[in-house]
$ cat protein.txt   # compact mmCIF, C-alpha atoms
# COMPACT_ATOMS: atom_id res chain seq x y z
CA MET A 498 98.86 78.29 103.86
CA VAL A 499 99.18 75.43 106.29
CA VAL A 500 99.94 77.35 109.46
CA PRO A 501 97.40 80.15 110.06
CA LEU A 502 98.61 83.74 110.06
CA SER A 503 97.28 84.26 113.60
CA TYR A 504 99.76 81.71 114.97
CA TYR A 505 102.66 83.63 113.46
CA LEU A 506 101.32 86.92 114.79
CA ALA A 507 100.79 85.48 118.29
CA LEU A 508 104.34 84.12 118.42
CA SER A 509 105.64 87.44 117.07
CA VAL A 510 103.83 89.37 119.82
CA ALA A 511 105.14 86.98 122.47
CA LEU A 512 108.75 87.28 121.30
CA PHE A 513 108.43 91.07 121.04
CA ALA A 514 107.07 91.29 124.60
CA LEU A 515 109.96 89.12 125.81
CA GLY A 516 112.37 91.56 124.19
CA VAL A 517 110.59 94.47 125.87
CA ILE A 518 110.91 92.73 129.24
CA GLY A 519 114.62 92.25 128.64
CA VAL A 520 115.20 95.88 127.66
CA LEU A 521 113.27 97.18 130.67
CA VAL A 522 114.47 94.73 133.32
CA ARG A 523 118.09 93.94 132.53
CA ARG A 524 120.95 96.27 133.46
CA ASN A 525 123.71 94.83 131.28
CA ILE A 526 123.97 96.87 128.08
CA LEU A 527 125.07 93.80 126.09
CA VAL A 528 121.96 91.87 127.09
CA ILE A 529 119.81 94.91 126.28
CA LEU A 530 121.31 94.96 122.76
CA MET A 531 120.59 91.23 122.40
CA CYS A 532 116.98 91.78 123.46
CA ILE A 533 116.67 94.51 120.81
CA GLU A 534 117.85 91.92 118.28
CA MET A 535 115.15 89.57 119.54
CA MET A 536 112.51 92.27 119.04
CA LEU A 537 113.73 92.84 115.47
CA ASN A 538 113.43 89.10 114.91
CA ALA A 539 109.87 89.13 116.20
CA VAL A 540 108.97 91.84 113.69
CA ASN A 541 110.67 89.84 110.93
CA LEU A 542 108.55 86.85 111.88
CA ALA A 543 105.39 88.93 111.45
CA PHE A 544 106.65 90.12 108.04
CA ILE A 545 107.29 86.53 106.93
CA GLY A 546 103.87 85.43 108.17
CA PHE A 547 102.17 88.20 106.20
CA ALA A 548 104.29 87.45 103.11
CA ASP A 549 103.13 83.85 103.23
CA HIS A 550 99.54 84.90 103.88
CA PHE A 551 99.35 87.21 100.88
CA LYS A 552 101.72 85.18 98.69
CA ALA A 553 103.74 88.35 98.08
CA VAL A 554 107.51 88.48 98.04
CA ASP A 555 107.66 92.09 99.30
CA GLY A 556 107.51 91.05 102.96
CA GLN A 557 110.60 88.92 102.50
CA VAL A 558 112.42 91.79 100.79
CA PHE A 559 111.61 93.94 103.83
CA VAL A 560 113.02 91.29 106.14
CA PHE A 561 116.17 91.42 104.05
CA PHE A 562 116.43 95.18 104.65
CA VAL A 563 115.68 94.81 108.37
CA MET A 564 118.50 92.28 108.67
CA THR A 565 120.94 94.62 106.93
CA VAL A 566 120.03 97.49 109.21
CA ALA A 567 120.30 95.18 112.23
CA ALA A 568 123.80 94.14 111.18
CA ALA A 569 124.86 97.79 110.84
CA GLU A 570 123.24 98.64 114.17
CA VAL A 571 125.02 95.80 115.96
CA ALA A 572 128.40 96.78 114.50
CA VAL A 573 128.06 100.40 115.63
CA GLY A 574 126.42 99.47 118.94
CA LEU A 575 129.13 97.02 119.92
CA ALA A 576 131.83 99.53 118.92
CA LEU A 577 130.12 102.05 121.21
CA ILE A 578 129.98 99.50 124.04
CA VAL A 579 133.70 98.76 123.66
CA ALA A 580 134.49 102.49 123.63
CA ILE A 581 132.35 103.07 126.73
CA PHE A 582 133.95 100.13 128.50
CA ARG A 583 137.44 101.48 127.79
CA THR A 584 136.65 104.87 129.33
CA ARG A 585 134.16 104.01 132.08
CA ALA A 586 135.07 100.34 132.74
CA THR A 587 131.44 99.33 133.09
CA VAL A 588 128.67 97.75 131.03
CA TYR A 589 125.84 98.49 133.46
CA VAL A 590 123.37 101.14 132.40
CA ASP A 591 122.94 102.35 135.99
CA ASP A 592 126.54 103.58 135.93
CA LEU A 593 126.10 105.39 132.60
CA ASN A 594 124.06 108.32 133.89
CA ILE A 595 126.06 111.23 132.49
CA LEU A 596 123.20 112.24 130.18
CA LYS A 597 120.61 111.97 132.95
CA TRP A 598 118.71 115.21 133.77
CA MET B 1331 105.65 69.32 96.74
CA THR B 1332 105.66 66.79 99.52
CA ARG B 1333 105.36 69.38 102.28
CA LEU B 1334 101.90 70.40 101.07
CA ALA B 1335 100.77 66.80 101.27
CA ILE B 1336 101.67 66.37 104.96
CA GLY B 1337 99.52 69.27 106.18
CA GLY B 1338 98.84 67.98 109.70
CA GLY B 1339 102.51 67.51 110.54
CA ILE B 1340 103.39 71.10 109.70
CA GLU B 1341 101.41 72.51 112.62
CA ILE B 1342 103.12 70.15 115.04
CA ILE B 1343 106.51 71.28 113.72
CA PHE B 1344 105.34 74.88 114.09
CA PHE B 1345 104.43 74.35 117.74
CA ILE B 1346 107.72 72.59 118.50
CA LEU B 1347 109.74 75.41 116.90
CA ALA B 1348 107.59 78.07 118.57
CA GLY B 1349 108.16 76.40 121.94
CA VAL B 1350 111.91 76.29 121.37
CA ALA B 1351 111.88 79.97 120.35
CA LEU B 1352 109.87 81.03 123.41
CA VAL B 1353 111.85 78.98 125.93
CA SER B 1354 115.20 80.13 124.54
CA GLY B 1355 113.87 83.71 124.49
CA VAL B 1356 112.95 83.49 128.18
CA LEU B 1357 116.41 82.09 128.91
CA VAL B 1358 118.05 84.97 126.97
CA VAL B 1359 116.27 87.46 129.20
CA PHE B 1360 116.78 85.73 132.53
CA GLN B 1361 120.30 84.32 132.33
CA ARG B 1362 122.72 86.07 134.65
CA HIS B 1363 125.79 85.83 132.46
CA PRO B 1364 125.69 87.63 129.07
CA LEU B 1365 127.64 84.78 127.46
CA ARG B 1366 124.84 82.34 128.23
CA SER B 1367 122.29 84.86 126.99
CA ALA B 1368 124.19 85.06 123.69
CA LEU B 1369 124.31 81.27 123.32
CA TRP B 1370 120.57 80.93 123.97
CA LEU B 1371 119.94 83.72 121.49
CA ILE B 1372 121.63 81.56 118.83
CA VAL B 1373 119.16 78.76 119.65
CA ASN B 1374 116.35 81.32 119.33
CA PHE B 1375 117.60 82.43 115.90
CA PHE B 1376 117.77 78.84 114.66
CA ALA B 1377 114.20 78.16 115.80
CA VAL B 1378 113.00 81.34 114.06
CA ALA B 1379 114.88 80.26 110.91
CA GLY B 1380 112.94 77.00 111.02
CA LEU B 1381 109.71 78.98 111.27
CA TYR B 1382 110.76 80.97 108.19
CA LEU B 1383 111.18 77.66 106.35
CA LEU B 1384 107.65 76.65 107.31
CA ALA B 1385 106.39 79.94 105.82
CA HIS B 1386 108.06 79.22 102.46
CA ALA B 1387 110.86 81.76 103.03
CA GLU B 1388 113.84 79.56 102.25
CA PHE B 1389 116.25 82.33 101.24
CA ILE B 1390 115.43 84.39 104.33
CA ALA B 1391 115.92 81.31 106.52
CA ALA B 1392 119.36 80.79 105.01
CA ILE B 1393 120.50 84.37 105.55
CA GLN B 1394 118.93 84.32 109.02
CA ILE B 1395 121.36 81.53 109.93
CA ILE B 1396 124.33 83.00 108.03
CA VAL B 1397 123.93 86.66 109.05
CA TYR B 1398 122.23 86.48 112.45
CA ALA B 1399 123.34 83.21 113.99
CA GLY B 1400 126.65 83.40 112.17
CA ALA B 1401 128.01 86.91 111.82
CA ILE B 1402 126.10 88.98 114.38
CA MET B 1403 126.31 86.47 117.23
CA VAL B 1404 130.01 85.87 116.61
CA LEU B 1405 130.45 89.64 116.93
CA PHE B 1406 128.53 89.56 120.22
CA LEU B 1407 130.59 86.67 121.58
CA PHE B 1408 133.83 88.38 120.55
CA VAL B 1409 132.87 91.57 122.38
CA ILE B 1410 131.69 89.70 125.50
CA MET B 1411 134.98 87.85 125.68
CA LEU B 1412 136.97 90.97 124.77
CA LEU B 1413 135.46 92.90 127.67
CA ASN B 1414 136.39 90.00 129.98
CA LEU B 1415 133.51 90.47 132.41
CA ARG B 1416 134.66 88.39 135.34
CA LEU B 1417 131.57 88.67 137.47
CA PRO B 1418 128.01 88.07 136.46
CA GLU B 1419 125.57 90.73 137.61
CA THR B 1420 126.12 91.16 141.32
CA VAL B 1421 123.58 92.22 143.91
CA GLY B 1422 124.01 95.96 143.56
CA LYS B 1423 123.63 95.73 139.79
CA LEU B 1424 120.34 93.88 139.84
CA PRO B 1425 117.07 95.75 139.33
CA HIS B 1426 114.80 96.23 142.31
CA ILE B 1427 111.80 93.95 142.55
CA GLY B 1428 109.53 96.93 141.84
CA GLN B 1429 111.44 97.69 138.64
CA LYS B 1430 111.10 94.06 137.59
CA ILE B 1431 107.35 94.03 138.18
CA LEU B 1432 106.92 97.37 136.41
CA GLY B 1433 109.01 96.21 133.44
CA ILE B 1434 107.06 92.97 133.04
CA ALA B 1435 103.76 94.85 133.44
CA LEU B 1436 104.75 97.36 130.75
CA ALA B 1437 105.78 94.53 128.41
CA GLY B 1438 102.45 92.81 129.02
CA PHE B 1439 100.68 96.09 128.28
CA THR B 1440 102.63 96.39 125.01
CA ALA B 1441 101.60 92.85 124.08
CA LEU B 1442 97.95 93.63 124.85
CA ILE B 1443 98.04 96.73 122.65
CA LEU B 1444 99.60 94.72 119.81
CA ILE B 1445 97.02 91.93 120.14
CA TYR B 1446 94.22 94.51 120.19
CA GLY B 1447 95.63 96.17 117.07
CA PHE B 1448 95.96 92.86 115.22
CA SER B 1449 92.43 91.86 116.21
CA LEU B 1450 91.08 95.14 114.81
CA ALA B 1451 92.75 94.59 111.44
CA LYS B 1452 90.41 93.20 108.83
CA LEU B 1453 92.65 90.92 106.81
CA ALA B 1454 91.89 89.69 103.36
CA PRO B 1455 91.64 85.91 103.34
CA ALA B 1456 94.76 83.98 102.46
CA LYS B 1457 95.39 83.69 98.78
CA GLU B 1458 94.72 80.31 97.31
CA GLY B 1459 97.21 78.26 95.40
CA GLY B 1460 100.71 77.15 96.10
CA PRO B 1461 103.60 79.45 96.83
CA VAL B 1462 104.53 80.09 93.22
CA GLY B 1463 108.09 81.32 93.34
CA LEU B 1464 107.57 82.74 96.81
CA GLY B 1465 110.72 82.68 98.86
CA ASN B 1466 113.10 81.41 96.26
CA THR B 1467 116.18 83.44 95.58
CA GLU B 1468 115.20 84.30 92.04
CA SER B 1469 111.94 86.06 92.91
CA ILE B 1470 113.55 87.98 95.79
CA ALA B 1471 116.42 89.06 93.55
CA LYS B 1472 113.99 90.17 90.85
CA SER B 1473 112.10 92.26 93.39
CA LEU B 1474 115.31 93.68 94.87
CA PHE B 1475 116.74 94.80 91.55
CA THR B 1476 113.54 96.25 90.11
CA ASP B 1477 110.99 97.57 92.61
CA TYR B 1478 113.40 98.04 95.51
CA LEU B 1479 116.53 99.10 93.64
CA LEU B 1480 116.90 102.49 95.35
CA PRO B 1481 116.49 101.14 98.92
CA PHE B 1482 118.94 98.38 98.01
CA GLU B 1483 121.58 100.90 96.95
CA VAL B 1484 120.91 103.08 100.00
CA THR B 1485 121.45 99.99 102.15
CA SER B 1486 124.96 99.62 100.75
CA VAL B 1487 125.69 103.23 101.75
CA LEU B 1488 124.31 102.47 105.22
CA LEU B 1489 126.67 99.51 105.55
CA LEU B 1490 129.60 101.69 104.48
CA VAL B 1491 128.65 104.28 107.10
CA ALA B 1492 128.41 101.53 109.73
CA ILE B 1493 131.87 100.21 108.84
CA VAL B 1494 133.43 103.69 109.01
CA GLY B 1495 131.57 104.46 112.24
CA ALA B 1496 132.66 101.23 113.90
CA VAL B 1497 136.30 101.77 112.92
CA VAL B 1498 136.28 105.40 114.13
CA LEU B 1499 134.63 104.45 117.43
CA ALA B 1500 137.06 101.61 118.00
CA LYS B 1501 140.17 103.66 117.22
CA THR B 1502 139.49 106.95 118.97
CA ARG B 1503 139.52 107.26 122.72
CA LEU B 1504 136.42 108.93 124.15
CA LYS B 1505 137.02 111.51 126.84

$ encode --input "protein.txt" --output "structure tokens"
Amino acid sequence: MVVPLSYYLALSVALFALGVIGVLVRRNILVILMCIEMMLNAVNLAFIGFADHFKAVDGQVFVFFVMTVAAAEVAVGLALIVAIFRTRATVYVDDLNILKW
Amino acid sequence: MTRLAIGGGIEIIFFILAGVALVSGVLVVFQRHPLRSALWLIVNFFAVAGLYLLAHAEFIAAIQIIVYAGAIMVLFLFVIMLLNLRLPETVGKLPHIGQKILGIALAGFTALILIYGFSLAKLAPAKEGGPVGLGNTESIAKSLFTDYLLPFEVTSVLLLVAIVGAVVLAKTRLK
């Protein structure tokens, strides 16, 4: 292993925290979905780092599954966003408060 | 393998790719227009794919580019353009400064918890020897079709459900 595992984990934590900032700070539901994708990528990076560290292929198989689930999630999420936009004409989460309280 | 012989250069490449990933990640979060966020996210995905290559995950790097940077981001760009958002986030839509500070503080707290958890973990030392078969398509396929056969089949059902769900959501009008 040329690059130490700790480097991969540090970068993974940094990218995950960036995604958390995006989800908490941004108001545009599309950008929030993109930040969720970034968090999934950060987790994948940790998986790949561990797979390289332990020389086991299982981590890479898990990344494969995470990617599949992410693709399904994006397809359904974007369909929901389009449906919401057609009825409410907004993509800002502040305006989507019908389930609040 | 030539890449094992040039050990010192690999770390430099790692830091370059990590820098690209972090900068593009910051730009994804702080761009006003979602279209620019999406384009920077593609840069982020390419940098992460390069990092996968450094960790001997060639197959995963390839499907990272094909599935993430290709399919998923094209879907994002289609929807952004379909919705035809004329204005970027205007003043009333922006978070208050207190919300921003709280969000960044909570994210920092999350990062601290993660770092603490990783530092507690007692990892076995890295296995010696080269990456024998690690990351090539054959070994992943062997693992997928033997040890992980049931999850693999369940994944196909999940994709079918996602297709049906997306079509239903796109066709029906919500009240």

$ atom_distance --input "protein.txt" --atom1 "CA of Ala580 (chain A)" --atom2 "CA of Trp1370 (chain B)"
25.7 Å

$ closest_atom_pairs --input "protein.txt" --of "chain A" --to "chain B" --cutoff "7 Å" --atoms "all atoms listed in the file" --output "tab-separated table"
residue	atom	partner	partner_atom	distance
A:Val499	CA	B:Gly1337	CA	6.2
A:Val500	CA	B:Glu1341	CA	6.0
A:Leu508	CA	B:Ala1348	CA	6.9
A:Val510	CA	B:Ala1441	CA	5.9
A:Leu512	CA	B:Leu1352	CA	6.7
A:Ala514	CA	B:Ala1437	CA	5.2
A:Leu515	CA	B:Val1356	CA	6.8
A:Val517	CA	B:Ala1437	CA	5.4
A:Ile518	CA	B:Ile1434	CA	5.4
A:Gly519	CA	B:Val1359	CA	5.1
A:Leu521	CA	B:Gly1433	CA	5.2
A:Val522	CA	B:Lys1430	CA	5.5
A:Arg524	CA	B:Leu1424	CA	6.8
A:Leu527	CA	B:Pro1364	CA	6.9
A:Val528	CA	B:Pro1364	CA	6.0
A:Ile545	CA	B:Tyr1382	CA	6.7
A:Gly546	CA	B:Ala1385	CA	6.5
A:Asp549	CA	B:Ala1385	CA	5.7
A:His550	CA	B:Ala1456	CA	5.1
A:Phe551	CA	B:Lys1457	CA	5.7
A:Lys552	CA	B:Pro1461	CA	6.3
A:Ala553	CA	B:Leu1464	CA	6.9
A:Val554	CA	B:Leu1464	CA	5.9
A:Gln557	CA	B:Ile1390	CA	6.9
A:Val558	CA	B:Ile1470	CA	6.4
A:Ala568	CA	B:Ile1402	CA	6.5
A:Ala569	CA	B:Ala1492	CA	5.3
A:Ala572	CA	B:Ala1496	CA	6.2
A:Val573	CA	B:Ala1496	CA	5.0
A:Ala576	CA	B:Ala1496	CA	5.4
A:Leu577	CA	B:Leu1499	CA	6.4
A:Ala580	CA	B:Ala1500	CA	6.3
A:Thr584	CA	B:Leu1504	CA	6.6

$ atom_distance --input "protein.txt" --atom1 "CA of Ile1395 (chain B)" --atom2 "CA of Gly1380 (chain B)"
9.6 Å

$ closest_residue --input "protein.txt" --among "A:Leu506, A:Phe544, A:Glu570, A:Val520" --to "Val590 (chain A)" --atoms "all atoms listed in the file"
A:Val520

$ axis_aligned_box --input "protein.txt" --around "region 527-531 of chain A" --padding-each-side "8 Å" --output "lines of an AutoDock Vina configuration file"
center_x = 122.4
center_y = 93.1
center_z = 124.7
size_x = 21.3
size_y = 19.7
size_z = 20.7

$ atom_distance --input "protein.txt" --atom1 "CA of Phe582 (chain A)" --atom2 "CA of Ile533 (chain A)"
19.7 Å

$ closest_residue --input "protein.txt" --among "A:Arg585, A:Phe561, A:Leu542, A:Phe547" --to "Thr1467 (chain B)" --atoms "only C-alpha atoms"
A:Phe561

$ residues_around --input "protein.txt" --residues "Leu530 (chain A)" --least-positions-apart "3" --cutoff "9 Å" --atoms "only C-alpha atoms" --output "MDAnalysis selection string"
chainID A and resid 520 525:527 533:535 571 574:575
